[in-house]
Amino acid sequence: MITASHLVKRFDNTVAVNDVSFTVNEGENLVLLGTSGCGKTTTLRMLNRLTEPDAGKITINGKDVTALQPDILRRGIGYVMQHNGLFPHYTVEENIAIVPQLLQWDKKRIKERVKELLGKLNLSYEQHAHLFPQALSGGQQQRVGLARALAADPPVLLMDEPFGALDPINRQKIRKDFAELEELKKKTILMVTHDVREAFELADRVCLMDQGQIVQLGTPAELREQPANEFVSAFVKGQYV
Ligand SMILES: Nc1ncnc2c1ncn2[C@@H]1O[C@H](COP(=O)(O)OP(=O)(O)OP(=O)(O)O)[C@@H](O)[C@H]1O
Ligand SMILES: [Mg+2]
């Protein structure tokens with residue numbers, strides 16, 4: 001379970017995140033939704049201490065995240081970066097193996113895990129493992145980004161626009177594969193998107209943000225049927241995309 005309470009982050013004159021609180025329950029998929037610049041990435045980055053908040057508190061499974069060294073904390077949290085963030089000079093296999101290597105898994109176990117994940121994500125070890133990211137399509141790169149985040153089977157997964165670089169048709173297909181992936185079903189997931197359809201398809205609950213604040217947090221049905229204000233009702237109708 002993740003709890004964020006009263007998070008604040010300022011950059012110069014911008015209040016990027018302004019008193020944001022939410023809980024992601026065990027096994028839940030909470031989707032952070034909102035327009036560009038509303039503070040989604042900043043919120044996500046604070047959870048694994050890529051960005052330190054100016055105020056507020058975060059716990060993951062009951063532990064204050066500031067009690068752990070950032071690199072130790074991050075080994076237990078899968079993170080899919082916006083624009084995938086693969087290391088260009090590492091092969092697909094090396095990218096996926098980063099956390100298992102930090103955890104000092106033996107070589108055979110790492111190779112088996114890489115093979116298993118590539119298979120689950122409809123890539124082939126023989127065809128793709130030795131390639132560098134630039135030799136892959138955008139959709140393939142995003143699958144590798146997801147494989148990398150899943151490699152050590154972390155209980156918590158943070159995903160920043162994991163399907164963002166894709167055209168609508170591929171996006172829908174990868175989203176379907178994603179929703180069916182057994183490996184994700186028990187994980188506690190916080191996913192960022194600006195796409196209403198995507199949010200409503202994948203979320204247990206949606207957290208709609210605007211200008212650094214939460215406007216409404218609820219199930220897709222609650223946002224649709226009981227919008228908190230005009231902004232929410234316009235947003236869920238797709239008028240901000
Ligand atoms: N490192 C930084 N330095 C200065 N300002 C920043 C920094 N990171 C974010 N900001 C500002 O904070 C605000 C929120 O940015 P953030 O990246 O969290 O938005 P977002 O909701 O993820 O947007 P997008 O959908 O475009 O990815 C923006 O106004 C942005 O310019
Ligand atoms: Mg962002």
# chains A, B, ... in the order shown; residues from 1 in each chain; ligands from 1

$ residues_near_ligand --ligand "ligand 1" --cutoff "7 Å" --atoms "only C-alpha atoms and all ligand atoms" --output "JSON, numbers by chain"
{"A": [11, 12, 14, 15, 16, 34, 35, 36, 37, 38, 39, 40, 41, 42, 43, 194]}

$ write_last_selection --atoms "N, CA, C and O atoms" --output "PDB file, in the first residue's frame"
ATOM      1  N   PHE A  11       8.886  24.526  -7.776  1.00  0.00           N
ATOM      2  CA  PHE A  11      10.066  24.790  -8.603  1.00  0.00           C
ATOM      3  C   PHE A  11      10.055  26.288  -8.861  1.00  0.00           C
ATOM      4  O   PHE A  11       9.132  26.785  -9.509  1.00  0.00           O
ATOM      5  N   ASP A  12      11.041  27.007  -8.377  1.00  0.00           N
ATOM      6  CA  ASP A  12      11.077  28.467  -8.533  1.00  0.00           C
ATOM      7  C   ASP A  12       9.709  29.063  -8.191  1.00  0.00           C
ATOM      8  O   ASP A  12       9.266  28.967  -7.075  1.00  0.00           O
ATOM      9  N   THR A  14       6.806  28.105  -9.573  1.00  0.00           N
ATOM     10  CA  THR A  14       5.693  27.187  -9.846  1.00  0.00           C
ATOM     11  C   THR A  14       5.457  26.279  -8.652  1.00  0.00           C
ATOM     12  O   THR A  14       6.396  25.719  -8.107  1.00  0.00           O
ATOM     13  N   VAL A  15       4.193  26.142  -8.254  1.00  0.00           N
ATOM     14  CA  VAL A  15       3.863  25.096  -7.282  1.00  0.00           C
ATOM     15  C   VAL A  15       3.399  23.903  -8.116  1.00  0.00           C
ATOM     16  O   VAL A  15       2.264  23.855  -8.580  1.00  0.00           O
ATOM     17  N   ALA A  16       4.313  22.961  -8.355  1.00  0.00           N
ATOM     18  CA  ALA A  16       4.011  21.842  -9.262  1.00  0.00           C
ATOM     19  C   ALA A  16       3.023  20.883  -8.622  1.00  0.00           C
ATOM     20  O   ALA A  16       2.150  20.336  -9.289  1.00  0.00           O
ATOM     21  N   GLY A  34      -4.604  13.785 -15.894  1.00  0.00           N
ATOM     22  CA  GLY A  34      -4.670  15.250 -15.898  1.00  0.00           C
ATOM     23  C   GLY A  34      -3.948  15.831 -17.091  1.00  0.00           C
ATOM     24  O   GLY A  34      -3.191  15.140 -17.777  1.00  0.00           O
ATOM     25  N   THR A  35      -4.163  17.116 -17.327  1.00  0.00           N
ATOM     26  CA  THR A  35      -3.567  17.799 -18.480  1.00  0.00           C
ATOM     27  C   THR A  35      -2.056  17.942 -18.310  1.00  0.00           C
ATOM     28  O   THR A  35      -1.530  17.816 -17.209  1.00  0.00           O
ATOM     29  N   SER A  36      -1.395  18.252 -19.401  1.00  0.00           N
ATOM     30  CA  SER A  36       0.053  18.442 -19.392  1.00  0.00           C
ATOM     31  C   SER A  36       0.441  19.529 -18.381  1.00  0.00           C
ATOM     32  O   SER A  36      -0.167  20.594 -18.354  1.00  0.00           O
ATOM     33  N   GLY A  37       1.427  19.226 -17.551  1.00  0.00           N
ATOM     34  CA  GLY A  37       1.937  20.202 -16.597  1.00  0.00           C
ATOM     35  C   GLY A  37       1.189  20.259 -15.281  1.00  0.00           C
ATOM     36  O   GLY A  37       1.482  21.099 -14.426  1.00  0.00           O
ATOM     37  N   CYS A  38       0.226  19.367 -15.068  1.00  0.00           N
ATOM     38  CA  CYS A  38      -0.587  19.451 -13.832  1.00  0.00           C
ATOM     39  C   CYS A  38       0.113  18.817 -12.621  1.00  0.00           C
ATOM     40  O   CYS A  38      -0.421  18.878 -11.507  1.00  0.00           O
ATOM     41  N   GLY A  39       1.277  18.199 -12.831  1.00  0.00           N
ATOM     42  CA  GLY A  39       2.046  17.692 -11.689  1.00  0.00           C
ATOM     43  C   GLY A  39       2.082  16.173 -11.549  1.00  0.00           C
ATOM     44  O   GLY A  39       2.501  15.651 -10.511  1.00  0.00           O
ATOM     45  N   LYS A  40       1.701  15.439 -12.585  1.00  0.00           N
ATOM     46  CA  LYS A  40       1.637  13.972 -12.501  1.00  0.00           C
ATOM     47  C   LYS A  40       3.025  13.354 -12.332  1.00  0.00           C
ATOM     48  O   LYS A  40       3.262  12.558 -11.423  1.00  0.00           O
ATOM     49  N   THR A  41       3.946  13.720 -13.228  1.00  0.00           N
ATOM     50  CA  THR A  41       5.295  13.142 -13.157  1.00  0.00           C
ATOM     51  C   THR A  41       5.972  13.528 -11.848  1.00  0.00           C
ATOM     52  O   THR A  41       6.611  12.695 -11.196  1.00  0.00           O
ATOM     53  N   THR A  42       5.817  14.769 -11.449  1.00  0.00           N
ATOM     54  CA  THR A  42       6.443  15.220 -10.194  1.00  0.00           C
ATOM     55  C   THR A  42       5.916  14.406  -9.019  1.00  0.00           C
ATOM     56  O   THR A  42       6.687  13.983  -8.146  1.00  0.00           O
ATOM     57  N   THR A  43       4.613  14.138  -9.003  1.00  0.00           N
ATOM     58  CA  THR A  43       4.027  13.323  -7.931  1.00  0.00           C
ATOM     59  C   THR A  43       4.644  11.928  -7.928  1.00  0.00           C
ATOM     60  O   THR A  43       5.081  11.413  -6.891  1.00  0.00           O
ATOM     61  N   HIS A 194      -2.541  10.985 -19.593  1.00  0.00           N
ATOM     62  CA  HIS A 194      -3.416  12.140 -19.816  1.00  0.00           C
ATOM     63  C   HIS A 194      -4.606  11.707 -20.669  1.00  0.00           C
ATOM     64  O   HIS A 194      -5.413  12.531 -21.087  1.00  0.00           O
TER      65      HIS A 194
END

$ closest_residue --among "A:Asn25, A:Thr91, A:Thr3, A:Asn84" --to "A:Gly62" --atoms "only C-alpha atoms"
A:Thr3

$ select_by_dssp --residues "stretch 6-213 of chain A" --states "alpha helix (DSSP H)" --output "JSON, numbers by chain"
{"A": [40, 41, 42, 43, 44, 45, 46, 47, 70, 71, 72, 73, 74, 75, 92, 93, 94, 95, 96, 98, 99, 100, 101, 102, 107, 108, 109, 110, 111, 112, 113, 114, 115, 116, 117, 118, 119, 120, 125, 126, 127, 128, 138, 139, 140, 141, 142, 143, 144, 145, 146, 147, 148, 149, 150, 168, 169, 170, 171, 172, 173, 174, 175, 176, 177, 178, 179, 180, 196, 197, 198, 199, 200, 201, 202]}

$ residues_around --residues "A:Ile2" --least-positions-apart "4" --cutoff "12 Å" --atoms "only C-alpha atoms" --output "ChimeraX atom specification"
/A:21-30,44,46-48,57-65,77,155-158,187-190

$ closest_residue --among "A:Ala228, A:Val20, A:Leu118, A:Leu32" --to "ligand 2" --atoms "only C-alpha atoms and all ligand atoms"
A:Leu32

$ atom_distance --atom1 "atom CA of A:Leu150" --atom2 "atom CA of A:Met209"
26.8 Å

$ closest_atom_pairs --of "stretch 48-82 of chain A" --to "stretch 96-114 of chain A" --cutoff "12 Å" --atoms "only C-alpha atoms" --output "JSON lines"
{"residue": "A:Asp71", "atom": "CA", "partner": "A:Leu102", "partner_atom": "CA", "distance": 9.8}
{"residue": "A:Ile72", "atom": "CA", "partner": "A:Leu102", "partner_atom": "CA", "distance": 9.7}
{"residue": "A:Leu73", "atom": "CA", "partner": "A:Val99", "partner_atom": "CA", "distance": 11.7}
{"residue": "A:Arg74", "atom": "CA", "partner": "A:Val99", "partner_atom": "CA", "distance": 9.0}
{"residue": "A:Arg75", "atom": "CA", "partner": "A:Val99", "partner_atom": "CA", "distance": 6.4}
{"residue": "A:Gly76", "atom": "CA", "partner": "A:Val99", "partner_atom": "CA", "distance": 9.2}
{"residue": "A:Ile77", "atom": "CA", "partner": "A:Val99", "partner_atom": "CA", "distance": 10.1}
{"residue": "A:Gly78", "atom": "CA", "partner": "A:Val99", "partner_atom": "CA", "distance": 9.2}
{"residue": "A:Tyr79", "atom": "CA", "partner": "A:Val99", "partner_atom": "CA", "distance": 11.0}
{"residue": "A:Val80", "atom": "CA", "partner": "A:Ile96", "partner_atom": "CA", "distance": 11.6}
